[in-house]
Every structure is written in C-alpha cells, then in structure tokens.
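This is query_10.cif. It holds mmCIF, C-alpha atoms.
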```
data_my_file
#
loop_
_atom_site.label_atom_id
_atom_site.label_comp_id
_atom_site.auth_asym_id
_atom_site.auth_seq_id
_atom_site.Cartn_x
_atom_site.Cartn_y
_atom_site.Cartn_z
CA MET A 1 0.00 0.00 0.00
CA THR A 2 1.28 3.47 -0.91
CA ALA A 3 0.20 6.79 0.54
CA GLU A 4 0.15 9.31 -2.27
CA LEU A 5 -0.41 13.01 -2.82
CA THR A 6 -0.44 14.63 -6.24
CA ALA A 7 -0.72 18.22 -7.38
CA GLY A 8 -4.32 19.27 -7.79
CA SER A 9 -5.72 16.31 -5.84
CA GLN A 10 -7.81 16.54 -2.67
CA GLY A 11 -5.53 17.82 0.07
CA ALA A 12 -3.13 19.32 -2.44
CA GLY A 13 -4.55 22.81 -2.59
CA PRO A 14 -2.80 25.94 -1.46
CA GLY A 15 -1.64 25.66 2.14
CA ARG A 16 -3.70 22.60 3.14
CA LEU A 17 -3.39 18.84 3.46
CA THR A 18 -7.04 18.02 4.09
CA ALA A 19 -7.67 14.25 4.14
CA SER A 20 -4.12 13.60 2.95
CA PRO A 21 -2.46 10.21 3.59
CA ALA A 22 -0.32 10.43 6.71
CA GLY A 23 2.78 8.87 5.14
CA ALA A 24 2.93 11.23 2.19
CA GLY A 25 2.24 14.11 4.56
CA VAL A 26 5.42 13.27 6.45
CA VAL A 27 7.37 13.46 3.18
CA LEU A 28 5.74 16.77 2.30
CA ALA A 29 6.60 18.19 5.71
CA ALA A 30 10.25 17.32 5.10
CA LEU A 31 10.13 19.02 1.71
CA ALA A 32 8.90 22.22 3.37
CA GLY A 33 12.46 22.61 4.62
CA VAL A 34 13.91 22.48 1.08
CA ARG A 35 14.34 25.89 -0.51
CA ASP A 36 14.83 27.26 -3.98
CA PRO A 37 18.44 28.42 -3.54
CA GLU A 38 17.98 31.76 -5.26
CA LEU A 39 14.47 32.71 -4.15
CA ASP A 40 15.02 31.49 -0.56
CA GLU A 41 11.50 30.08 -0.39
CA PRO A 42 10.36 26.49 0.25
CA VAL A 43 9.76 24.35 -2.83
CA THR A 44 6.37 23.49 -1.33
CA SER A 45 5.10 27.07 -1.07
CA LEU A 46 6.45 27.83 -4.55
CA GLY A 47 4.38 24.99 -6.02
CA PHE A 48 7.38 22.94 -7.19
CA VAL A 49 6.20 19.64 -5.64
CA ALA A 50 4.03 17.73 -8.12
CA GLY A 51 3.68 14.48 -6.18
CA ALA A 52 4.80 12.58 -3.10
CA THR A 53 4.39 8.93 -2.19
CA LEU A 54 5.50 6.72 0.70
CA SER A 55 4.88 2.99 0.68
CA ALA A 56 4.37 0.80 3.72
CA ASP A 57 7.85 -0.58 3.05
CA GLY A 58 9.41 2.86 3.38
CA GLU A 59 9.94 3.58 -0.31
CA ALA A 60 9.49 7.30 -0.94
CA GLU A 61 9.17 9.03 -4.29
CA VAL A 62 8.93 12.76 -4.89
CA ARG A 63 8.18 14.42 -8.22
CA LEU A 64 9.35 17.99 -8.70
CA ARG A 65 8.45 20.50 -11.40
CA LEU A 66 9.89 23.90 -12.32
CA PRO A 67 8.53 27.03 -14.01
CA THR A 68 10.25 26.37 -17.36
CA TYR A 69 11.88 23.56 -19.31
CA PHE A 70 15.15 25.52 -19.32
CA CYS A 71 15.52 26.56 -15.66
CA ALA A 72 19.22 26.68 -14.80
CA PRO A 73 20.46 23.12 -14.15
CA ASN A 74 22.71 24.15 -11.27
CA PHE A 75 19.74 25.63 -9.38
CA ALA A 76 17.67 22.55 -10.18
CA PHE A 77 20.43 20.17 -9.07
CA LEU A 78 20.66 21.87 -5.68
CA MET A 79 16.91 21.52 -5.12
CA VAL A 80 16.78 17.87 -6.17
CA ALA A 81 19.83 17.01 -4.05
CA ASP A 82 18.41 18.87 -1.03
CA ALA A 83 15.06 17.11 -1.46
CA TYR A 84 16.86 13.76 -1.52
CA ASP A 85 18.73 14.58 1.68
CA ALA A 86 15.58 15.81 3.46
CA VAL A 87 13.44 12.81 2.54
CA SER A 88 16.20 10.24 3.08
CA ALA A 89 16.71 11.53 6.63
CA LEU A 90 13.16 10.59 7.66
CA PRO A 91 13.04 7.55 9.97
CA GLU A 92 10.03 6.24 8.02
CA VAL A 93 11.97 6.19 4.75
CA ARG A 94 14.12 3.24 3.66
CA THR A 95 14.81 4.40 0.11
CA ALA A 96 14.17 7.75 -1.59
CA ARG A 97 13.76 8.59 -5.25
CA ILE A 98 13.52 12.21 -6.36
CA VAL A 99 12.36 12.81 -9.93
CA LEU A 100 12.65 16.18 -11.64
CA GLU A 101 10.09 16.19 -14.43
CA GLU A 102 9.90 18.01 -17.76
CA HIS A 103 13.34 19.63 -17.66
CA PHE A 104 15.96 19.52 -20.39
CA ALA A 105 18.57 18.16 -17.94
CA SER A 106 16.28 15.83 -15.98
CA GLU A 107 18.20 12.69 -16.89
CA ALA A 108 21.57 14.05 -15.79
CA ILE A 109 20.19 15.64 -12.62
CA ASN A 110 18.07 12.69 -11.52
CA GLY A 111 20.84 10.21 -12.26
CA GLY A 112 23.51 12.30 -10.58
CA VAL A 113 21.51 12.78 -7.40
CA ALA A 114 20.50 9.11 -7.25
CA ALA A 115 24.14 8.08 -7.61
CA ARG A 116 25.28 10.74 -5.12
CA ALA A 117 27.71 11.79 -7.82
CA GLY A 118 27.75 15.54 -7.28
CA PHE A 119 27.15 18.24 -9.86
CA ALA A 120 30.57 18.06 -11.55
CA ARG A 121 30.33 14.32 -12.21
CA ALA A 122 26.67 14.53 -13.22
CA PHE A 123 27.64 17.12 -15.84
CA ASP A 124 31.05 15.70 -16.69
CA GLY A 125 32.79 17.84 -19.28
CA GLU A 126 30.35 20.75 -18.80
CA ALA A 127 30.65 21.78 -15.14
CA VAL A 128 33.85 23.24 -13.73
CA GLY A 129 33.19 22.38 -10.09
CA GLU A 130 30.70 21.77 -7.32
CA LEU A 131 28.05 24.24 -6.20
CA ASP A 132 29.14 25.14 -2.66
CA GLY A 133 30.22 28.64 -3.72
CA LEU A 134 26.96 29.25 -5.55
CA ARG A 135 24.95 28.13 -2.53
CA ALA A 136 26.93 30.48 -0.28
CA ASP A 137 26.37 33.40 -2.68
CA PHE A 138 22.62 32.83 -2.57
CA LEU A 139 22.66 32.57 1.22
CA ARG A 140 24.42 35.92 1.39
CA LYS A 141 21.64 37.41 -0.75
CA ALA A 142 19.10 35.87 1.62
CA VAL A 143 20.89 37.49 4.56
CA MET A 144 20.83 40.85 2.80
CA ALA A 145 17.12 40.53 2.00
CA GLY A 146 16.44 39.45 5.59
CA THR A 147 18.38 42.43 6.87
CA ASP A 148 16.01 44.70 4.97
CA GLN A 149 12.96 42.91 6.37
CA VAL A 150 14.22 43.42 9.91
CA CYS A 151 15.67 46.92 9.58
CA ARG A 152 13.03 48.75 7.57
CA PRO A 153 10.41 48.70 10.37
CA LEU A 154 13.08 49.88 12.80
CA ALA A 155 14.12 52.72 10.50
CA ALA A 156 10.47 53.65 9.87
CA ALA A 157 10.01 53.90 13.63
CA GLY A 158 12.81 56.47 13.76
CA THR A 159 15.90 54.39 14.54
CA GLU A 160 18.87 56.28 13.13
CA PRO A 161 21.77 54.60 11.26
CA ASP A 162 24.17 55.00 14.19
CA ALA A 163 21.65 53.33 16.50
CA LEU A 164 21.11 50.49 14.03
CA ALA A 165 24.86 49.96 13.88
CA ARG A 166 24.93 49.54 17.68
CA LEU A 167 21.98 47.15 17.91
CA THR A 168 22.49 43.45 18.59
CA LEU A 169 20.20 40.68 17.42
CA GLY A 170 19.06 40.15 20.99
CA GLU A 171 17.89 43.76 21.24
CA VAL A 172 15.68 43.54 18.14
CA PRO A 173 11.99 42.69 18.77
CA HIS A 174 11.18 39.07 18.01
CA SER A 175 9.58 38.41 14.63
CA PRO A 176 9.49 35.70 11.95
CA ALA A 177 11.80 37.87 9.85
CA LEU A 178 14.38 38.04 12.64
CA HIS A 179 14.20 34.28 13.21
CA ARG A 180 14.75 33.67 9.51
CA LEU A 181 17.67 36.10 9.42
CA ARG A 182 19.32 34.30 12.33
CA GLU A 183 18.90 30.97 10.56
CA ARG A 184 20.44 32.17 7.31
CA ARG A 185 23.36 33.76 9.11
CA ALA A 186 23.96 30.56 11.05
CA GLU A 187 23.96 28.53 7.82
CA LEU A 188 26.76 30.75 6.54
CA GLY A 189 28.70 30.52 9.78
CA LEU A 190 28.05 34.20 10.48
CA PRO A 191 27.36 35.52 14.01
CA SER A 192 23.73 34.77 14.90
CA GLY A 193 23.53 34.81 18.69
CA ASP A 194 21.88 37.43 20.88
CA GLY A 195 25.11 39.37 21.24
CA ALA A 196 25.85 39.49 17.51
CA PRO A 197 25.56 42.86 15.75
CA LEU A 198 22.41 43.35 13.70
CA LEU A 199 24.39 44.83 10.82
CA ILE A 200 27.42 42.91 9.58
CA ASP A 201 29.48 42.40 6.46
CA VAL A 202 27.89 39.30 4.90
CA VAL A 203 31.26 37.96 3.76
CA THR A 204 33.47 38.52 6.81
CA GLY A 205 30.88 38.79 9.57
CA ASP A 206 32.51 41.98 10.84
CA PRO A 207 30.30 44.71 12.34
CA LEU A 208 29.48 47.61 10.05
CA ARG A 209 30.80 51.09 10.72
CA THR A 210 28.12 53.76 11.08
CA GLU A 211 29.12 55.49 7.84
CA ALA A 212 28.63 52.24 5.92
CA VAL A 213 25.07 51.70 7.14
CA PRO A 214 23.07 53.77 4.58
CA LEU A 215 24.65 52.10 1.56
CA HIS A 216 24.35 48.66 3.17
CA LEU A 217 20.64 49.21 3.78
CA ARG A 218 20.06 50.40 0.22
CA ARG A 219 21.76 47.28 -1.09
CA ALA A 220 19.73 45.12 1.29
CA HIS A 221 16.49 46.67 0.06
CA THR A 222 17.44 46.25 -3.60
CA THR A 223 18.30 42.61 -2.96
CA ARG A 224 14.97 41.99 -1.27
CA ILE A 225 13.03 43.64 -4.08
CA SER A 226 14.91 41.57 -6.65
CA LEU A 227 14.18 38.29 -4.85
CA GLU A 228 10.50 39.11 -4.42
CA ALA A 229 10.15 40.18 -8.05
CA ASN A 230 11.84 37.02 -9.30
CA SER A 231 9.61 34.97 -7.02
CA GLY A 232 6.52 36.55 -8.56
CA ILE A 233 7.83 35.92 -12.08
CA CYS A 234 8.53 32.27 -11.30
CA ARG A 235 5.11 31.76 -9.74
CA GLY A 236 3.46 33.28 -12.78
CA MET A 237 5.42 31.13 -15.23
CA LEU A 238 4.70 27.99 -13.21
CA ALA A 239 0.97 28.77 -13.11
CA HIS A 240 0.96 29.34 -16.87
CA ARG A 241 2.92 26.18 -17.60
CA TYR A 242 0.70 23.95 -15.46
CA ARG A 243 -2.56 25.82 -16.07
CA GLY A 244 -2.96 26.94 -12.50
CA THR A 245 -2.72 23.47 -10.96
CA ALA A 246 -1.51 23.98 -7.40
CA GLY A 247 1.51 22.09 -6.17
CA LEU A 248 1.53 20.16 -2.93
CA GLY A 249 1.63 22.56 0.00
CA GLN A 250 1.57 25.59 -2.26
CA GLU A 251 0.64 28.82 -0.58
CA ALA A 252 0.88 32.55 -1.09
CA PRO A 253 4.25 34.16 -0.31
CA ASP A 254 4.54 35.47 3.25
CA HIS A 255 6.65 38.51 2.43
CA GLN A 256 5.24 41.99 2.13
CA ALA A 257 4.52 43.52 -1.23
CA PRO A 258 7.51 45.38 -2.69
CA ASP A 259 7.64 49.05 -1.84
CA HIS A 260 7.63 50.43 -5.39
CA GLU A 261 7.36 53.98 -4.11
CA SER A 262 10.59 53.79 -2.15
CA PRO A 263 13.09 56.38 -3.43
CA ASP A 264 15.92 53.87 -3.23
CA HIS A 265 14.04 51.21 -5.18
CA GLU A 266 15.93 49.80 -8.14
CA ALA A 267 14.60 47.56 -10.88
CA PRO A 268 15.12 43.84 -10.19
CA ASP A 269 17.73 41.94 -12.13
CA HIS A 270 15.66 39.66 -14.34
CA GLU A 271 18.85 37.87 -15.37
CA ALA A 272 19.26 36.53 -11.84
CA ARG A 273 17.93 33.11 -12.73
CA ALA A 274 20.27 32.69 -15.67
CA GLU A 275 22.74 29.86 -15.24
CA GLU A 276 25.85 30.70 -13.25
CA ASP A 277 29.27 29.80 -14.65
CA GLN A 278 29.57 26.47 -12.91
#
```

Could you render the structure as structure tokens?
Amino acid sequence: MTAELTAGSQGAGPGRLTASPAGAGVVLAALAGVRDPELDEPVTSLGFVAGATLSADGEAEVRLRLPTYFCAPNFAFLMVADAYDAVSALPEVRTARIVLEEHFASEAINGGVAARAGFARAFDGEAVGELDGLRADFLRKAVMAGTDQVCRPLAAAGTEPDALARLTLGEVPHSPALHRLRERRAELGLPSGDGAPLLIDVVTGDPLRTEAVPLHLRRAHTTRISLEANSGICRGMLAHRYRGTAGLGQEAPDHQAPDHESPDHEAPDHEARAEEDQ
C-alpha cells in the first residue's frame, strides 16, 4: 500500500493537506524545509512539488516540477539534491527517489543525485566544479534581504543609522523575519547569537561602521526587491505552464509587497535566474 499526494488532488490545494495520507504528509513536511536556492522560499510554497508517495515498506518518491523547461540546471540540481537529503533523513523512509520532471537536464540531474555523484560528475565535461560557492552566494543574498525585512520597520520607527549599527540581534523585537535572518546567518557561519551585531558584512561577519550603514541598507532593500520580483515571475510562469494546478503545500508568499514607491528602489535583475558559470 502506498500513501500518495499529487498536485491538484484533494488535500493538495494551497496551504492545506485536508484528508491527505499520513505517510505522504510526512514526506511533504520534510520538503517544506527544502528551498529554492535563489528565491530562498520552500519548494512546497512555490508549487514545485508535483507528487509525493510513501509505501508501507518505506519507499518514498517525490516528483518535482519547475517554471520552465530551461531553468538553470545548477539551481535545479541543488533543489533535487536537497530534497533527496531531506526525505532520506526521515526515519520512516528506507529508500528515496527524487524525480525532476519536464526539464531539459532531468536525466543528468536525476541520475547524478540518485548516484550521489555531485554536480561536476553529473555534468562531466560541462561543469567546472561543485556548487558550494553558488549556494553560499545565494545565502548571502538571503541574509541581505532578511536584513532589509528586519531593519526597515526599525528605520520607519525612527531608529537612526548610528543606533542600528549599535543594535544586537538580541535587542531587536522578536519576529518571523528576525528568526529567519538568524537561521540564514547561522547557515553561513556568520554571528547569529543574541550578542551578535544586527548589521554585519555578509562575507566577513565583521560589524558595520556607522558610515557604511546607509549604503548597506540600500543594497539590502534592492536585494529583497529583486528576490521578491523574481519569485513573482517564477510563480506566474509555473501557473501558466501547469494551467494553474496547485503544487503540494503551495501557498501565497509570506513577504510583504515590494515598496515600489521607495526612493531607493531599483529595478530587479531579471537575469538573476540565468545559469551561473559552474
């Protein structure tokens, strides 16, 4: 017997698992911790999970889908590999199979992840290395975007740049945005405890000088706007490609709408999802 969930089926609508099989629900919960590396959002909420099954014998299968046939293979590989790791770690799972569907590099990605071969071996002769650097670059962007989410309400309430530079994470009011920022900083090995400065260099982890704060905040805001714009574009392309069929666990984004009236707003980089030189 196999517990199964598929996109568009009962229990597969946006943000709900009504009457869903318990086994497949466990798999879906694990996938909620897998993120699109560039957009920094769960593959579930983005609608990228097309199906999930878990048999009584512990055999799990996940089917993933992406907004276009030509989404960058390095981004796709990271998501498929992360999904494999998340599902394989479940105590209920004996074997895991992750299948990326309808993508020009599906065969290489699916085979490479199944063989635990790594990106360079999966794309032998095409890739120049593994994707650790790319993942770190995206995490730094997530930290910058998170910095904007945390700092903009503080600045709007009248906190001056010199005061922001003196704040520690433990002095900032608790919020989901702060929790997320701490998590992303910890993933990068950056200071994330209560005593850590709120504003840091995302490469070195060093505290920012007061005079560097305005430019840092402008860059943080631009990064956030870019991520949110790209997220909207991807959601729209996915909906068009699959005729509005919701993915498993898909829900509306939890970020605020971009502040298009902000004087320091810059247009998002729509090339951001182009393939990196890996």

In Å to one decimal, how far is atom CA of A:Gly146 from atom CA of A:Leu181?
5.2 Å

Could you check which residues have any atom within 10 Å of (13.8, 11.0, -0.3), counting all atoms listed in the file with coordinates taken straight from the file, and then list them as JSON, numbers by chain?
{"A": [27, 30, 31, 52, 53, 54, 58, 59, 60, 61, 62, 80, 81, 82, 83, 84, 85, 86, 87, 88, 89, 90, 93, 94, 95, 96, 97, 98, 99, 114]}

What gap, in Å, lies between atom CA of A:Ser45 and atom CA of A:Leu169?
27.5 Å

Suppose you want the space between atom CA of A:Arg184 and atom CA of A:Val172; what is it in Å?
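Calculated distance between atom CA of A:Arg184 and atom CA of A:Val172 is 16.4 Å.
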
Expand the PyMOL selection byres ((chain A and resi 106) around 12) into the explicit residue set it covers here, and present it as an MDAnalysis selection string.
chainID A and resid 63:66 69:74 76:77 80 98:105 107:114 122:123

Output check: residues returned by the PyMOL selection byres ((chain A and resi 198) around 7), as a tab-separated table (two decimals) with C-alpha atoms, in the frame of the given file:
```tsv
chain	number	residue	atom	x	y	z
A	167	LEU	CA	21.98	47.15	17.91
A	168	THR	CA	22.49	43.45	18.59
A	169	LEU	CA	20.20	40.68	17.42
A	196	ALA	CA	25.85	39.49	17.51
A	197	PRO	CA	25.56	42.86	15.75
A	199	LEU	CA	24.39	44.83	10.82
A	200	ILE	CA	27.42	42.91	9.58
```

Name all residues at most 12 Å from stretch 208-219 of chain A (count only C-alpha atoms; drop same-chain ones fewer than 4 positions away) and give them as JSON, numbers by chain.
{"A": [140, 141, 143, 144, 145, 146, 147, 148, 149, 150, 151, 152, 154, 155, 160, 161, 162, 163, 164, 165, 166, 167, 168, 196, 197, 198, 199, 200, 201, 202, 203, 204, 223, 224, 225, 226, 262, 263, 264, 265, 266, 268]}

Shortest contact to A:Glu251, candidates A:Asp137, A:His174, A:Arg235, A:Ala127, atoms counted all atoms listed in the file, goes to A:Arg235

Using all atoms listed in the file, which of A:Asp36, A:Ser55, A:Ala142, A:Val26 sits nearest A:Ser231?
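When distances to A:Ser231 are compared using all atoms listed in the file, the smallest one comes from A:Asp36.
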
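When the PyMOL selection byres ((chain A and resi 41) around 10) is evaluated against the file, it yields Ala32, Gly33, Val34, Arg35, Asp36, Pro37, Glu38, Leu39, Asp40, Pro42, Val43, Thr44, Ser45, Leu46, Ala142, Leu227, Glu228, Ser231, Pro253 and Asp254 of chain A.
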
Kindly indicate which residue among A:Ala24, A:Leu78, A:Ala29, A:Ala186 lies nearest to A:Gly51, using all atoms listed in the file for the distances.
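Among A:Ala24, A:Leu78, A:Ala29, A:Ala186, it is A:Ala24 that comes nearest to A:Gly51.
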
Box for stretch 56-74 of chain A - axis-aligned, 4 Å on each of the six sides, all listed atoms - centre and size in Å to one decimal, as AutoDock Vina command-line options.
```
--center_x 13.5 --center_y 13.2 --center_z -7.8 --size_x 26.3 --size_y 35.6 --size_z 31.0
```

Could you rebuild stretch 176-193 of chain A with N, CA and C atoms and give it back as a JSON list (two decimals), in the frame of the given file?
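Saved the output as result_17.json:
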```json
[["chain", "number", "residue", "atom", "x", "y", "z"],
["A", 176, "PRO", "N", 9.10, 36.76, 12.89],
["A", 176, "PRO", "CA", 9.49, 35.70, 11.95],
["A", 176, "PRO", "C", 10.67, 36.11, 11.07],
["A", 177, "ALA", "N", 10.71, 37.39, 10.69],
["A", 177, "ALA", "CA", 11.80, 37.87, 9.85],
["A", 177, "ALA", "C", 13.14, 37.78, 10.58],
["A", 178, "LEU", "N", 13.15, 38.12, 11.86],
["A", 178, "LEU", "CA", 14.38, 38.04, 12.64],
["A", 178, "LEU", "C", 14.82, 36.58, 12.80],
["A", 179, "HIS", "N", 13.88, 35.70, 13.07],
["A", 179, "HIS", "CA", 14.20, 34.28, 13.21],
["A", 179, "HIS", "C", 14.82, 33.74, 11.91],
["A", 180, "ARG", "N", 14.24, 34.12, 10.80],
["A", 180, "ARG", "CA", 14.75, 33.67, 9.51],
["A", 180, "ARG", "C", 16.15, 34.24, 9.25],
["A", 181, "LEU", "N", 16.36, 35.49, 9.60],
["A", 181, "LEU", "CA", 17.67, 36.10, 9.42],
["A", 181, "LEU", "C", 18.72, 35.37, 10.26],
["A", 182, "ARG", "N", 18.39, 35.06, 11.48],
["A", 182, "ARG", "CA", 19.32, 34.30, 12.33],
["A", 182, "ARG", "C", 19.66, 32.95, 11.69],
["A", 183, "GLU", "N", 18.66, 32.27, 11.18],
["A", 183, "GLU", "CA", 18.90, 30.97, 10.56],
["A", 183, "GLU", "C", 19.83, 31.07, 9.37],
["A", 184, "ARG", "N", 19.60, 32.05, 8.50],
["A", 184, "ARG", "CA", 20.44, 32.17, 7.31],
["A", 184, "ARG", "C", 21.86, 32.55, 7.69],
["A", 185, "ARG", "N", 22.02, 33.40, 8.66],
["A", 185, "ARG", "CA", 23.36, 33.76, 9.11],
["A", 185, "ARG", "C", 24.07, 32.55, 9.70],
["A", 186, "ALA", "N", 23.36, 31.76, 10.46],
["A", 186, "ALA", "CA", 23.96, 30.56, 11.05],
["A", 186, "ALA", "C", 24.40, 29.57, 9.97],
["A", 187, "GLU", "N", 23.60, 29.43, 8.91],
["A", 187, "GLU", "CA", 23.96, 28.53, 7.82],
["A", 187, "GLU", "C", 25.27, 28.94, 7.16],
["A", 188, "LEU", "N", 25.53, 30.23, 7.13],
["A", 188, "LEU", "CA", 26.76, 30.75, 6.54],
["A", 188, "LEU", "C", 27.93, 30.77, 7.52],
["A", 189, "GLY", "N", 27.66, 30.43, 8.77],
["A", 189, "GLY", "CA", 28.70, 30.52, 9.78],
["A", 189, "GLY", "C", 28.93, 31.94, 10.27],
["A", 190, "LEU", "N", 27.96, 32.82, 10.02],
["A", 190, "LEU", "CA", 28.05, 34.20, 10.48],
["A", 190, "LEU", "C", 27.47, 34.33, 11.89],
["A", 191, "PRO", "N", 27.87, 35.35, 12.64],
["A", 191, "PRO", "CA", 27.36, 35.52, 14.01],
["A", 191, "PRO", "C", 25.83, 35.61, 14.01],
["A", 192, "SER", "N", 25.20, 34.81, 14.88],
["A", 192, "SER", "CA", 23.73, 34.77, 14.90],
["A", 192, "SER", "C", 23.15, 34.74, 16.31],
["A", 193, "GLY", "N", 24.00, 34.82, 17.32],
["A", 193, "GLY", "CA", 23.53, 34.81, 18.69],
["A", 193, "GLY", "C", 23.00, 36.15, 19.14]]
```
